[in-house]
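Peer 1: Please see the structure below; I have some questions.
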Amino acid sequence: MTKIVKIGDAANMPFWRRPIALLVLMAIAMPIAFNTWSALLNNFVIEAANFDGADIGLLHTIREIPGFLAIGVIAIIIFVREQVLGLVSLVLLGVATAITAQFPSLGGILTLTMLSSIGFHYYETVNQSLQLQWIDKENAPRVLGWLLATGSAATFVVYLVILLLWEPLNLTYNIVYMAGGGVTAAIAIFAMIAYPQFEAPTPQRKQFILRKRYWLYYALQFMAGARRQIFTVFAGFMMVEKFGFKVDELTMLYLINLLINMLVAPLLGRVVQRFGERKTLGFEYIGLVIVFLSYGGVYYLGWGIAVAAFLYVVDHVFFGLALALKTYFQKIADPGDIAPTAAVAFTINHIAAVGLPAPLGLLWLVSPAAVFFLAAGMAATSLMLALLIPRHPVPGHETVLTRPMPAAAE
């Protein structure tokens, strides 16, 4: 029978078996498979299946459907512990990634994308919930920053291996996908065996929850999902389609991103602690407006490859500040709402993510710059919403439109 250990008692265990160690291990495992898949994706789909902008839009629509259905996590955790669900999801992500290159057709790629996406999105939903349950509010920004840096380090290793070995060893898509997916699955299986089941102090509600007082958090999640898709789907695709980046060249750009994130991510948590969620998110959204408008300038003003690469790196750094959205929710939430709200928020985040890629793929065929101008508008809308966050959000004072209250309001 699996041993259950309360979070408070875990301090007596060896450090490598504590909850924070498991979070670190999962932070390492997920990026290995996911970023192996994403690093090769644009080149793989173009070379193996002759994808164009419409096809890549369709693929990412399919990829985001499981995120839209993340609300199903609420039903699953009635029967399965969150920790178990998270690790099983990692195994699915790893296995689906491992066999991706064995199905080099539109139908095969879409099917494997769906399976790996189920693993990725259900893992991410549970992981965010566990992070906010297992890490205390005072230390959350700092620890989340270090977890972000850990994931960046794991991704850095993936990209470095691809960059250094792709041509010298004449690697194939199948070999790299098998290696990356296999490592993630192996780590997840090890974690199932090596760690007890940790129990948070507050039992989680296992029902659908949609609270009026969380409306600003929901709105910010919706906008985050909308603009993230444009970066995820089209920024990298632009580097391959417009500038002809090869696998090793695109991987070098990713490596630069990761080096910067490894250095900056731990500082991001300190930024949130020092300046608060409103200023942090406001700075992020102003930066994203400038970046997306500049992406449009790459097309309208004919800016070259150096400018596009610089924007891609800056873009990625700004997205790291999104950890402030997690800490904002942690501060305003009823502790028992964290798991179900994580699922609801993931679904809200993916409403636009599911609906946008396909039509934006068609718009891309007409005007790539228009896609990025639309993203700039989304970032500006997010900025307006972020200004409604109080300097010190607490239950009952979730927005500047509500007066501080001594107790949580439902």
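So you can find residues: chains in the structure tokens are A, B, ... in the order shown, residues in each start at 1, and ligands are numbered from 1 in order.
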Find the residues near A:Met262: any atom within 7 Å, counting only C-alpha atoms, skip ones fewer than 6 places away on the same chain, and give them as a VMD selection string.
Peer 2: chain A and resid 149 152 to 153
Peer 1: Would you pick out the contacts of A:Ala194 at 8 Å or less, using only C-alpha atoms, so that residues sharing its chain but fewer than 3 positions from it are not included, and give the list as a PDB file with N, CA, C and O atoms, in the first residue's frame?
Peer 2:
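New file part01.pdb:
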```pdb
ATOM      1  N   ARG A  17      13.640  13.180  -0.825  1.00  0.00           N
ATOM      2  CA  ARG A  17      12.309  12.565  -0.857  1.00  0.00           C
ATOM      3  C   ARG A  17      11.212  13.512  -0.373  1.00  0.00           C
ATOM      4  O   ARG A  17      10.079  13.105  -0.178  1.00  0.00           O
ATOM      5  N   PHE A 190      10.095   6.379 -12.127  1.00  0.00           N
ATOM      6  CA  PHE A 190      10.940   6.388 -10.930  1.00  0.00           C
ATOM      7  C   PHE A 190      10.260   7.155  -9.797  1.00  0.00           C
ATOM      8  O   PHE A 190      10.252   6.713  -8.643  1.00  0.00           O
ATOM      9  N   ALA A 191       9.667   8.320 -10.115  1.00  0.00           N
ATOM     10  CA  ALA A 191       9.012   9.136  -9.090  1.00  0.00           C
ATOM     11  C   ALA A 191       7.821   8.413  -8.480  1.00  0.00           C
ATOM     12  O   ALA A 191       7.529   8.570  -7.288  1.00  0.00           O
TER      13      ALA A 191
END
```
Peer 1: Choose the residue, out of A:Phe15, A:Phe156, A:Phe318, A:Tyr173, that has the smallest atom-to-atom separation from A:Glu47; count only C-alpha atoms.
Peer 2: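 Distance minimum relative to A:Glu47 lands on A:Tyr173.
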Peer 1: From a DSSP calculation on the backbone, collect every residue of stretch 5-66 of chain A in alpha helix (DSSP H) and output the set as a VMD selection string.
Peer 2: chain A and resid 19 to 49 53 to 66
Peer 1: Would you save the residues of that selection, restricted to N, CA and C atoms, as a short mmCIF file (atom, residue, chain, number, x, y, z; two decimals), in the first residue's frame?
Peer 2:
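Below you can see result.cif, which holds the result:
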```cif
data_model
loop_
_atom_site.label_atom_id
_atom_site.label_comp_id
_atom_site.auth_asym_id
_atom_site.auth_seq_id
_atom_site.Cartn_x
_atom_site.Cartn_y
_atom_site.Cartn_z
N PRO A 19 8.59 16.92 -0.64
CA PRO A 19 7.73 17.42 -1.72
C PRO A 19 8.46 18.36 -2.67
N ILE A 20 9.30 19.26 -2.15
CA ILE A 20 9.98 20.20 -3.02
C ILE A 20 10.91 19.47 -3.97
N ALA A 21 11.53 18.37 -3.51
CA ALA A 21 12.40 17.59 -4.38
C ALA A 21 11.61 16.94 -5.50
N LEU A 22 10.39 16.48 -5.19
CA LEU A 22 9.54 15.89 -6.23
C LEU A 22 9.13 16.95 -7.25
N LEU A 23 8.81 18.16 -6.77
CA LEU A 23 8.48 19.25 -7.69
C LEU A 23 9.65 19.56 -8.61
N VAL A 24 10.85 19.54 -8.06
CA VAL A 24 12.05 19.79 -8.88
C VAL A 24 12.22 18.68 -9.91
N LEU A 25 12.03 17.43 -9.50
CA LEU A 25 12.18 16.30 -10.41
C LEU A 25 11.16 16.40 -11.55
N MET A 26 9.94 16.74 -11.23
CA MET A 26 8.93 16.90 -12.27
C MET A 26 9.23 18.10 -13.17
N ALA A 27 9.80 19.16 -12.56
CA ALA A 27 10.18 20.33 -13.34
C ALA A 27 11.29 19.99 -14.33
N ILE A 28 12.07 18.98 -14.03
CA ILE A 28 13.11 18.51 -14.95
C ILE A 28 12.52 17.61 -16.03
N ALA A 29 11.63 16.71 -15.60
CA ALA A 29 11.12 15.68 -16.51
C ALA A 29 10.26 16.23 -17.64
N MET A 30 9.32 17.10 -17.32
CA MET A 30 8.38 17.57 -18.34
C MET A 30 9.06 18.28 -19.51
N PRO A 31 9.98 19.23 -19.24
CA PRO A 31 10.59 19.95 -20.38
C PRO A 31 11.42 19.06 -21.30
N ILE A 32 11.92 17.94 -20.81
CA ILE A 32 12.74 17.09 -21.67
C ILE A 32 11.92 16.58 -22.86
N ALA A 33 10.75 16.01 -22.58
CA ALA A 33 9.91 15.51 -23.67
C ALA A 33 9.28 16.66 -24.45
N PHE A 34 8.70 17.62 -23.74
CA PHE A 34 7.97 18.68 -24.42
C PHE A 34 8.88 19.50 -25.33
N ASN A 35 10.06 19.84 -24.84
CA ASN A 35 10.93 20.70 -25.64
C ASN A 35 11.71 19.93 -26.69
N THR A 36 11.88 18.63 -26.51
CA THR A 36 12.40 17.81 -27.61
C THR A 36 11.40 17.85 -28.75
N TRP A 37 10.13 17.67 -28.41
CA TRP A 37 9.05 17.72 -29.41
C TRP A 37 9.00 19.08 -30.10
N SER A 38 9.01 20.16 -29.30
CA SER A 38 8.82 21.49 -29.88
C SER A 38 10.06 21.98 -30.63
N ALA A 39 11.26 21.58 -30.19
CA ALA A 39 12.48 22.04 -30.85
C ALA A 39 12.56 21.54 -32.29
N LEU A 40 12.07 20.33 -32.52
CA LEU A 40 12.13 19.75 -33.86
C LEU A 40 10.86 19.95 -34.67
N LEU A 41 9.80 20.40 -34.00
CA LEU A 41 8.48 20.38 -34.62
C LEU A 41 8.40 21.11 -35.95
N ASN A 42 8.80 22.39 -35.98
CA ASN A 42 8.60 23.17 -37.20
C ASN A 42 9.35 22.58 -38.38
N ASN A 43 10.59 22.12 -38.15
CA ASN A 43 11.34 21.50 -39.23
C ASN A 43 10.75 20.15 -39.61
N PHE A 44 10.34 19.37 -38.60
CA PHE A 44 9.81 18.03 -38.84
C PHE A 44 8.54 18.07 -39.68
N VAL A 45 7.59 18.94 -39.31
CA VAL A 45 6.31 18.96 -40.03
C VAL A 45 6.47 19.50 -41.45
N ILE A 46 7.41 20.44 -41.63
CA ILE A 46 7.62 20.97 -42.97
C ILE A 46 8.31 19.93 -43.87
N GLU A 47 9.33 19.24 -43.32
CA GLU A 47 10.08 18.27 -44.11
C GLU A 47 9.31 16.96 -44.30
N ALA A 48 8.62 16.51 -43.26
CA ALA A 48 7.97 15.20 -43.32
C ALA A 48 6.58 15.26 -43.94
N ALA A 49 5.87 16.36 -43.74
CA ALA A 49 4.48 16.41 -44.20
C ALA A 49 4.13 17.67 -44.98
N GLY A 53 1.13 27.30 -43.31
CA GLY A 53 0.60 28.03 -42.16
C GLY A 53 -0.74 27.49 -41.68
N ALA A 54 -1.60 27.09 -42.61
CA ALA A 54 -2.91 26.55 -42.25
C ALA A 54 -2.77 25.22 -41.50
N ASP A 55 -1.83 24.37 -41.96
CA ASP A 55 -1.62 23.08 -41.31
C ASP A 55 -1.08 23.25 -39.90
N ILE A 56 -0.12 24.16 -39.73
CA ILE A 56 0.46 24.36 -38.41
C ILE A 56 -0.58 24.95 -37.46
N GLY A 57 -1.47 25.79 -37.99
CA GLY A 57 -2.56 26.31 -37.17
C GLY A 57 -3.50 25.21 -36.72
N LEU A 58 -3.81 24.28 -37.64
CA LEU A 58 -4.67 23.15 -37.30
C LEU A 58 -4.01 22.28 -36.25
N LEU A 59 -2.72 22.01 -36.40
CA LEU A 59 -2.00 21.18 -35.43
C LEU A 59 -2.09 21.77 -34.03
N HIS A 60 -1.88 23.07 -33.94
CA HIS A 60 -1.89 23.68 -32.61
C HIS A 60 -3.30 23.82 -32.05
N THR A 61 -4.29 23.86 -32.92
CA THR A 61 -5.67 23.79 -32.43
C THR A 61 -5.91 22.42 -31.78
N ILE A 62 -5.49 21.37 -32.46
CA ILE A 62 -5.62 20.02 -31.92
C ILE A 62 -4.84 19.90 -30.61
N ARG A 63 -3.65 20.49 -30.59
CA ARG A 63 -2.80 20.38 -29.40
C ARG A 63 -3.43 21.05 -28.19
N GLU A 64 -4.24 22.07 -28.42
CA GLU A 64 -4.81 22.80 -27.29
C GLU A 64 -6.15 22.25 -26.81
N ILE A 65 -6.74 21.33 -27.54
CA ILE A 65 -8.04 20.78 -27.11
C ILE A 65 -7.97 20.16 -25.72
N PRO A 66 -6.95 19.33 -25.40
CA PRO A 66 -6.88 18.78 -24.04
C PRO A 66 -6.75 19.87 -22.97
#
```
Peer 1: Give the answer as one residue: which of A:Pro201, A:Gly72, A:Gly355, A:Gly151 has the shortest atom-to-atom distance to A:Ile7, using only C-alpha atoms?
Peer 2: A:Pro201
Peer 1: For stretch 292-337 of chain A against stretch 136-142 of chain A, with a cut-off of 12 Å and counting only C-alpha atoms, what is the closest atom pair and its distance in Å to one decimal for every residue that makes the cut, ordered by chain and number, as a Markdown table?
Peer 2:
```
| residue | atom | partner | partner_atom | distance |
| --- | --- | --- | --- | --- |
| A:Gly320 | CA | A:Pro141 | CA | 11.9 |
| A:Leu321 | CA | A:Pro141 | CA | 10.4 |
| A:Ala322 | CA | A:Pro141 | CA | 10.9 |
| A:Leu323 | CA | A:Pro141 | CA | 7.4 |
| A:Ala324 | CA | A:Pro141 | CA | 7.4 |
| A:Leu325 | CA | A:Pro141 | CA | 10.2 |
| A:Lys326 | CA | A:Pro141 | CA | 8.7 |
| A:Thr327 | CA | A:Pro141 | CA | 6.6 |
| A:Tyr328 | CA | A:Pro141 | CA | 9.9 |
| A:Phe329 | CA | A:Lys137 | CA | 10.4 |
| A:Gln330 | CA | A:Lys137 | CA | 7.0 |
| A:Lys331 | CA | A:Lys137 | CA | 7.1 |
| A:Ile332 | CA | A:Lys137 | CA | 10.6 |
| A:Ala333 | CA | A:Lys137 | CA | 11.0 |
| A:Pro335 | CA | A:Lys137 | CA | 10.9 |
```
Peer 1: Can I get the selected residues back with all heavy atoms, as an mmCIF file, in the first residue's frame?
Peer 2:
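The resulting file, out.cif, is shown below:
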```
data_model
loop_
_atom_site.group_PDB
_atom_site.id
_atom_site.type_symbol
_atom_site.label_atom_id
_atom_site.label_comp_id
_atom_site.auth_asym_id
_atom_site.auth_seq_id
_atom_site.Cartn_x
_atom_site.Cartn_y
_atom_site.Cartn_z
ATOM 1 N N GLY A 320 8.199 34.741 -18.774
ATOM 2 C CA GLY A 320 8.567 34.189 -17.479
ATOM 3 C C GLY A 320 7.947 34.940 -16.316
ATOM 4 O O GLY A 320 7.749 34.383 -15.229
ATOM 5 N N LEU A 321 7.612 36.208 -16.536
ATOM 6 C CA LEU A 321 6.997 37.005 -15.479
ATOM 7 C C LEU A 321 5.582 36.548 -15.160
ATOM 8 O O LEU A 321 4.986 37.002 -14.180
ATOM 9 C CB LEU A 321 6.990 38.483 -15.890
ATOM 10 C CG LEU A 321 8.358 39.162 -15.965
ATOM 11 C CD1 LEU A 321 8.234 40.533 -16.609
ATOM 12 C CD2 LEU A 321 8.978 39.279 -14.584
ATOM 13 N N ALA A 322 5.039 35.644 -15.971
ATOM 14 C CA ALA A 322 3.675 35.155 -15.750
ATOM 15 C C ALA A 322 3.536 34.396 -14.442
ATOM 16 O O ALA A 322 2.407 34.124 -14.002
ATOM 17 C CB ALA A 322 3.235 34.275 -16.915
ATOM 18 N N LEU A 323 4.646 34.045 -13.772
ATOM 19 C CA LEU A 323 4.533 33.374 -12.476
ATOM 20 C C LEU A 323 3.798 34.265 -11.477
ATOM 21 O O LEU A 323 3.238 33.776 -10.484
ATOM 22 C CB LEU A 323 5.905 32.966 -11.940
ATOM 23 C CG LEU A 323 6.918 34.040 -11.524
ATOM 24 C CD1 LEU A 323 6.714 34.457 -10.063
ATOM 25 C CD2 LEU A 323 8.339 33.519 -11.683
ATOM 26 N N ALA A 324 3.781 35.586 -11.725
ATOM 27 C CA ALA A 324 3.050 36.504 -10.849
ATOM 28 C C ALA A 324 1.555 36.217 -10.866
ATOM 29 O O ALA A 324 0.846 36.500 -9.893
ATOM 30 C CB ALA A 324 3.308 37.952 -11.270
ATOM 31 N N LEU A 325 1.051 35.655 -11.959
ATOM 32 C CA LEU A 325 -0.370 35.312 -12.029
ATOM 33 C C LEU A 325 -0.683 34.170 -11.064
ATOM 34 O O LEU A 325 -1.751 34.137 -10.442
ATOM 35 C CB LEU A 325 -0.738 34.930 -13.462
ATOM 36 C CG LEU A 325 -2.224 34.803 -13.797
ATOM 37 C CD1 LEU A 325 -2.983 36.050 -13.393
ATOM 38 C CD2 LEU A 325 -2.404 34.524 -15.280
ATOM 39 N N LYS A 326 0.260 33.223 -10.922
ATOM 40 C CA LYS A 326 0.079 32.129 -9.965
ATOM 41 C C LYS A 326 0.034 32.658 -8.532
ATOM 42 O O LYS A 326 -0.819 32.269 -7.732
ATOM 43 C CB LYS A 326 1.217 31.121 -10.084
ATOM 44 C CG LYS A 326 1.252 30.298 -11.347
ATOM 45 C CD LYS A 326 2.391 29.274 -11.254
ATOM 46 C CE LYS A 326 2.516 28.436 -12.507
ATOM 47 N NZ LYS A 326 3.618 27.442 -12.400
ATOM 48 N N THR A 327 0.986 33.531 -8.196
ATOM 49 C CA THR A 327 1.037 34.013 -6.816
ATOM 50 C C THR A 327 -0.147 34.927 -6.507
ATOM 51 O O THR A 327 -0.603 34.986 -5.365
ATOM 52 C CB THR A 327 2.356 34.755 -6.551
ATOM 53 O OG1 THR A 327 2.487 35.867 -7.439
ATOM 54 C CG2 THR A 327 3.541 33.808 -6.773
ATOM 55 N N TYR A 328 -0.653 35.647 -7.515
ATOM 56 C CA TYR A 328 -1.857 36.449 -7.314
ATOM 57 C C TYR A 328 -3.020 35.566 -6.905
ATOM 58 O O TYR A 328 -3.725 35.854 -5.928
ATOM 59 C CB TYR A 328 -2.199 37.220 -8.587
ATOM 60 C CG TYR A 328 -3.600 37.805 -8.601
ATOM 61 C CD1 TYR A 328 -3.986 38.762 -7.665
ATOM 62 C CD2 TYR A 328 -4.537 37.392 -9.544
ATOM 63 C CE1 TYR A 328 -5.268 39.293 -7.665
ATOM 64 C CE2 TYR A 328 -5.820 37.916 -9.559
ATOM 65 C CZ TYR A 328 -6.186 38.862 -8.617
ATOM 66 O OH TYR A 328 -7.461 39.381 -8.611
ATOM 67 N N PHE A 329 -3.204 34.454 -7.628
ATOM 68 C CA PHE A 329 -4.308 33.567 -7.271
ATOM 69 C C PHE A 329 -4.095 32.942 -5.895
ATOM 70 O O PHE A 329 -5.030 32.808 -5.107
ATOM 71 C CB PHE A 329 -4.475 32.464 -8.317
ATOM 72 C CG PHE A 329 -5.507 31.446 -7.924
ATOM 73 C CD1 PHE A 329 -6.837 31.799 -7.824
ATOM 74 C CD2 PHE A 329 -5.141 30.142 -7.606
ATOM 75 C CE1 PHE A 329 -7.801 30.881 -7.428
ATOM 76 C CE2 PHE A 329 -6.092 29.226 -7.207
ATOM 77 C CZ PHE A 329 -7.427 29.593 -7.115
ATOM 78 N N GLN A 330 -2.861 32.525 -5.605
ATOM 79 C CA GLN A 330 -2.588 31.912 -4.303
ATOM 80 C C GLN A 330 -2.973 32.849 -3.158
ATOM 81 O O GLN A 330 -3.474 32.411 -2.117
ATOM 82 C CB GLN A 330 -1.110 31.540 -4.196
ATOM 83 C CG GLN A 330 -0.769 30.739 -2.939
ATOM 84 C CD GLN A 330 0.715 30.479 -2.813
ATOM 85 O OE1 GLN A 330 1.535 31.349 -3.112
ATOM 86 N NE2 GLN A 330 1.088 29.284 -2.378
ATOM 87 N N LYS A 331 -2.766 34.148 -3.353
ATOM 88 C CA LYS A 331 -3.060 35.121 -2.304
ATOM 89 C C LYS A 331 -4.556 35.348 -2.101
ATOM 90 O O LYS A 331 -4.989 35.671 -0.993
ATOM 91 C CB LYS A 331 -2.376 36.447 -2.613
ATOM 92 C CG LYS A 331 -0.863 36.402 -2.468
ATOM 93 C CD LYS A 331 -0.223 37.740 -2.827
ATOM 94 C CE LYS A 331 1.281 37.690 -2.652
ATOM 95 N NZ LYS A 331 1.933 38.980 -3.023
ATOM 96 N N ILE A 332 -5.355 35.200 -3.149
ATOM 97 C CA ILE A 332 -6.786 35.503 -3.024
ATOM 98 C C ILE A 332 -7.637 34.258 -2.837
ATOM 99 O O ILE A 332 -8.822 34.351 -2.530
ATOM 100 C CB ILE A 332 -7.303 36.269 -4.265
ATOM 101 C CG1 ILE A 332 -7.257 35.396 -5.514
ATOM 102 C CG2 ILE A 332 -6.537 37.567 -4.456
ATOM 103 C CD1 ILE A 332 -7.938 36.012 -6.737
ATOM 104 N N ALA A 333 -7.051 33.072 -2.986
ATOM 105 C CA ALA A 333 -7.843 31.845 -3.038
ATOM 106 C C ALA A 333 -8.154 31.270 -1.672
ATOM 107 O O ALA A 333 -7.350 31.362 -0.735
ATOM 108 C CB ALA A 333 -7.105 30.798 -3.872
ATOM 109 N N PRO A 335 -7.926 28.096 0.344
ATOM 110 C CA PRO A 335 -6.980 26.987 0.155
ATOM 111 C C PRO A 335 -7.600 25.730 -0.434
ATOM 112 O O PRO A 335 -6.935 24.983 -1.159
ATOM 113 C CB PRO A 335 -6.456 26.735 1.573
ATOM 114 C CG PRO A 335 -6.581 28.060 2.255
ATOM 115 C CD PRO A 335 -7.835 28.666 1.704
#
```
Peer 1: Hey, what's within 9 Å of stretch 287-302 of chain A if we count only C-alpha atoms and toss same-chain stuff fewer than 2 positions away? As a PyMOL selection string, please?
Peer 2: chain A and resi 231+235+282-285+304-305+307-308+311-312+314-315+318-319+367-380
Peer 1: Let's have the selection written as a PDB file, in the first residue's frame, with N, CA and C atoms.
Peer 2:
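Writing done, so here's again20.pdb:
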```
ATOM      1  N   PHE A 231       2.560  33.494 -29.898  1.00  0.00           N
ATOM      2  CA  PHE A 231       4.000  33.286 -29.726  1.00  0.00           C
ATOM      3  C   PHE A 231       4.372  31.827 -29.975  1.00  0.00           C
ATOM      4  N   ALA A 235       5.656  32.490 -33.819  1.00  0.00           N
ATOM      5  CA  ALA A 235       6.975  33.120 -33.724  1.00  0.00           C
ATOM      6  C   ALA A 235       8.063  32.174 -34.226  1.00  0.00           C
ATOM      7  N   GLY A 282       2.109  44.252 -15.173  1.00  0.00           N
ATOM      8  CA  GLY A 282       2.021  45.444 -16.009  1.00  0.00           C
ATOM      9  C   GLY A 282       3.274  45.625 -16.853  1.00  0.00           C
ATOM     10  N   PHE A 283       4.437  45.419 -16.243  1.00  0.00           N
ATOM     11  CA  PHE A 283       5.694  45.518 -16.977  1.00  0.00           C
ATOM     12  C   PHE A 283       5.766  44.460 -18.076  1.00  0.00           C
ATOM     13  N   GLU A 284       5.318  43.236 -17.753  1.00  0.00           N
ATOM     14  CA  GLU A 284       5.318  42.163 -18.750  1.00  0.00           C
ATOM     15  C   GLU A 284       4.463  42.534 -19.954  1.00  0.00           C
ATOM     16  N   TYR A 285       3.268  43.032 -19.708  1.00  0.00           N
ATOM     17  CA  TYR A 285       2.338  43.287 -20.805  1.00  0.00           C
ATOM     18  C   TYR A 285       2.774  44.472 -21.661  1.00  0.00           C
ATOM     19  N   GLY A 304      15.695  42.557 -40.477  1.00  0.00           N
ATOM     20  CA  GLY A 304      16.369  41.310 -40.797  1.00  0.00           C
ATOM     21  C   GLY A 304      16.334  40.272 -39.707  1.00  0.00           C
ATOM     22  N   ILE A 305      17.114  39.237 -39.911  1.00  0.00           N
ATOM     23  CA  ILE A 305      17.121  38.071 -39.049  1.00  0.00           C
ATOM     24  C   ILE A 305      17.615  38.389 -37.637  1.00  0.00           C
ATOM     25  N   VAL A 307      17.213  41.188 -35.881  1.00  0.00           N
ATOM     26  CA  VAL A 307      16.131  41.824 -35.129  1.00  0.00           C
ATOM     27  C   VAL A 307      15.085  40.787 -34.726  1.00  0.00           C
ATOM     28  N   ALA A 308      14.720  39.900 -35.655  1.00  0.00           N
ATOM     29  CA  ALA A 308      13.721  38.874 -35.359  1.00  0.00           C
ATOM     30  C   ALA A 308      14.197  37.954 -34.240  1.00  0.00           C
ATOM     31  N   LEU A 311      14.058  39.801 -30.867  1.00  0.00           N
ATOM     32  CA  LEU A 311      12.676  39.888 -30.381  1.00  0.00           C
ATOM     33  C   LEU A 311      12.201  38.556 -29.810  1.00  0.00           C
ATOM     34  N   TYR A 312      12.602  37.475 -30.452  1.00  0.00           N
ATOM     35  CA  TYR A 312      12.188  36.147 -29.993  1.00  0.00           C
ATOM     36  C   TYR A 312      12.728  35.877 -28.589  1.00  0.00           C
ATOM     37  N   VAL A 314      13.699  38.202 -26.276  1.00  0.00           N
ATOM     38  CA  VAL A 314      13.057  39.113 -25.329  1.00  0.00           C
ATOM     39  C   VAL A 314      11.633  38.662 -25.020  1.00  0.00           C
ATOM     40  N   ASP A 315      10.922  38.231 -26.060  1.00  0.00           N
ATOM     41  CA  ASP A 315       9.565  37.720 -25.932  1.00  0.00           C
ATOM     42  C   ASP A 315       9.518  36.610 -24.885  1.00  0.00           C
ATOM     43  N   PHE A 318       9.937  37.812 -21.210  1.00  0.00           N
ATOM     44  CA  PHE A 318       8.746  38.461 -20.666  1.00  0.00           C
ATOM     45  C   PHE A 318       7.716  37.439 -20.184  1.00  0.00           C
ATOM     46  N   PHE A 319       7.589  36.332 -20.912  1.00  0.00           N
ATOM     47  CA  PHE A 319       6.598  35.342 -20.515  1.00  0.00           C
ATOM     48  C   PHE A 319       6.931  34.706 -19.165  1.00  0.00           C
ATOM     49  N   SER A 367      -1.579  37.754 -44.305  1.00  0.00           N
ATOM     50  CA  SER A 367      -0.726  38.790 -43.721  1.00  0.00           C
ATOM     51  C   SER A 367      -0.158  38.320 -42.387  1.00  0.00           C
ATOM     52  N   PRO A 368       1.068  37.802 -42.363  1.00  0.00           N
ATOM     53  CA  PRO A 368       1.689  37.398 -41.091  1.00  0.00           C
ATOM     54  C   PRO A 368       1.768  38.552 -40.095  1.00  0.00           C
ATOM     55  N   ALA A 369       2.026  39.766 -40.575  1.00  0.00           N
ATOM     56  CA  ALA A 369       2.142  40.913 -39.673  1.00  0.00           C
ATOM     57  C   ALA A 369       0.837  41.163 -38.924  1.00  0.00           C
ATOM     58  N   ALA A 370      -0.307  40.945 -39.582  1.00  0.00           N
ATOM     59  CA  ALA A 370      -1.603  41.176 -38.945  1.00  0.00           C
ATOM     60  C   ALA A 370      -1.787  40.268 -37.732  1.00  0.00           C
ATOM     61  N   VAL A 371      -1.243  39.054 -37.796  1.00  0.00           N
ATOM     62  CA  VAL A 371      -1.330  38.123 -36.667  1.00  0.00           C
ATOM     63  C   VAL A 371      -0.629  38.716 -35.449  1.00  0.00           C
ATOM     64  N   PHE A 372       0.546  39.296 -35.655  1.00  0.00           N
ATOM     65  CA  PHE A 372       1.297  39.859 -34.539  1.00  0.00           C
ATOM     66  C   PHE A 372       0.683  41.166 -34.037  1.00  0.00           C
ATOM     67  N   PHE A 373       0.082  41.955 -34.919  1.00  0.00           N
ATOM     68  CA  PHE A 373      -0.598  43.169 -34.478  1.00  0.00           C
ATOM     69  C   PHE A 373      -1.801  42.806 -33.595  1.00  0.00           C
ATOM     70  N   LEU A 374      -2.478  41.725 -33.952  1.00  0.00           N
ATOM     71  CA  LEU A 374      -3.585  41.255 -33.126  1.00  0.00           C
ATOM     72  C   LEU A 374      -3.091  40.867 -31.736  1.00  0.00           C
ATOM     73  N   ALA A 375      -1.930  40.215 -31.667  1.00  0.00           N
ATOM     74  CA  ALA A 375      -1.350  39.827 -30.384  1.00  0.00           C
ATOM     75  C   ALA A 375      -1.005  41.051 -29.539  1.00  0.00           C
ATOM     76  N   ALA A 376      -0.539  42.118 -30.180  1.00  0.00           N
ATOM     77  CA  ALA A 376      -0.231  43.349 -29.450  1.00  0.00           C
ATOM     78  C   ALA A 376      -1.493  43.916 -28.799  1.00  0.00           C
ATOM     79  N   GLY A 377      -2.613  43.836 -29.505  1.00  0.00           N
ATOM     80  CA  GLY A 377      -3.874  44.276 -28.931  1.00  0.00           C
ATOM     81  C   GLY A 377      -4.285  43.441 -27.729  1.00  0.00           C
ATOM     82  N   MET A 378      -4.026  42.140 -27.801  1.00  0.00           N
ATOM     83  CA  MET A 378      -4.329  41.257 -26.679  1.00  0.00           C
ATOM     84  C   MET A 378      -3.474  41.604 -25.465  1.00  0.00           C
ATOM     85  N   ALA A 379      -2.200  41.880 -25.692  1.00  0.00           N
ATOM     86  CA  ALA A 379      -1.316  42.246 -24.592  1.00  0.00           C
ATOM     87  C   ALA A 379      -1.753  43.561 -23.960  1.00  0.00           C
ATOM     88  N   ALA A 380      -2.218  44.512 -24.780  1.00  0.00           N
ATOM     89  CA  ALA A 380      -2.705  45.787 -24.252  1.00  0.00           C
ATOM     90  C   ALA A 380      -3.950  45.594 -23.393  1.00  0.00           C
TER      91      ALA A 380
END
```
Peer 1: Ranking A:Ile162, A:Leu401, A:Arg391, A:Phe310 by minimum distance to A:Arg274 and counting only C-alpha atoms, which one comes first?
Peer 2: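 Closest to A:Arg274, using only C-alpha atoms: A:Arg391.
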Peer 1: Report, in Å to a single decimal, how far apart atom CA of A:His350 and atom CA of A:Phe68 are.
Peer 2: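 For atom CA of A:Phe68 relative to atom CA of A:His350, the distance reads 4.7 Å.
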Peer 1: Of the candidates A:Tyr195, A:Phe103, A:Trp364, A:Trp166, which one gets nearest to A:Gln83 if we count only C-alpha atoms?
Peer 2: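 Ranking A:Tyr195, A:Phe103, A:Trp364, A:Trp166 by distance to A:Gln83, first place goes to A:Tyr195.
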Peer 1: If you count only C-alpha atoms, which residues fall within 12 Å of A:Ala219, apart from same-chain ones fewer than 5 positions away, as a PyMOL selection string?
Peer 2: chain A and resi 212-214+224-226+325+344-352+378+381-386+388-389
Peer 1: Quote the spacing between atom CA of A:Leu144 and atom CA of A:Ala186 in Å to one decimal place.
Peer 2: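 Interatomic distance here is 24.2 Å.
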Peer 1: Name the residues in contact with stretch 202-206 of chain A at a cut-off of 9 Å, using only C-alpha atoms, excluding same-chain residues fewer than 5 positions from it; report them as a PyMOL selection string.
Peer 2: chain A and resi 74-78+133+335-340
Peer 1: Counting only C-alpha atoms, which residue out of A:Ala10, A:Leu115, A:Thr125, A:Leu255 sits closest to A:Val157?
Peer 2: A:Leu255
Peer 1: Give the answer as one residue: which of A:Leu216, A:Ile209, A:Val5, A:Ile109 has the shortest atom-to-atom distance to A:Pro393, using only C-alpha atoms?
Peer 2: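 Smallest separation from A:Pro393 among the options: A:Leu216.
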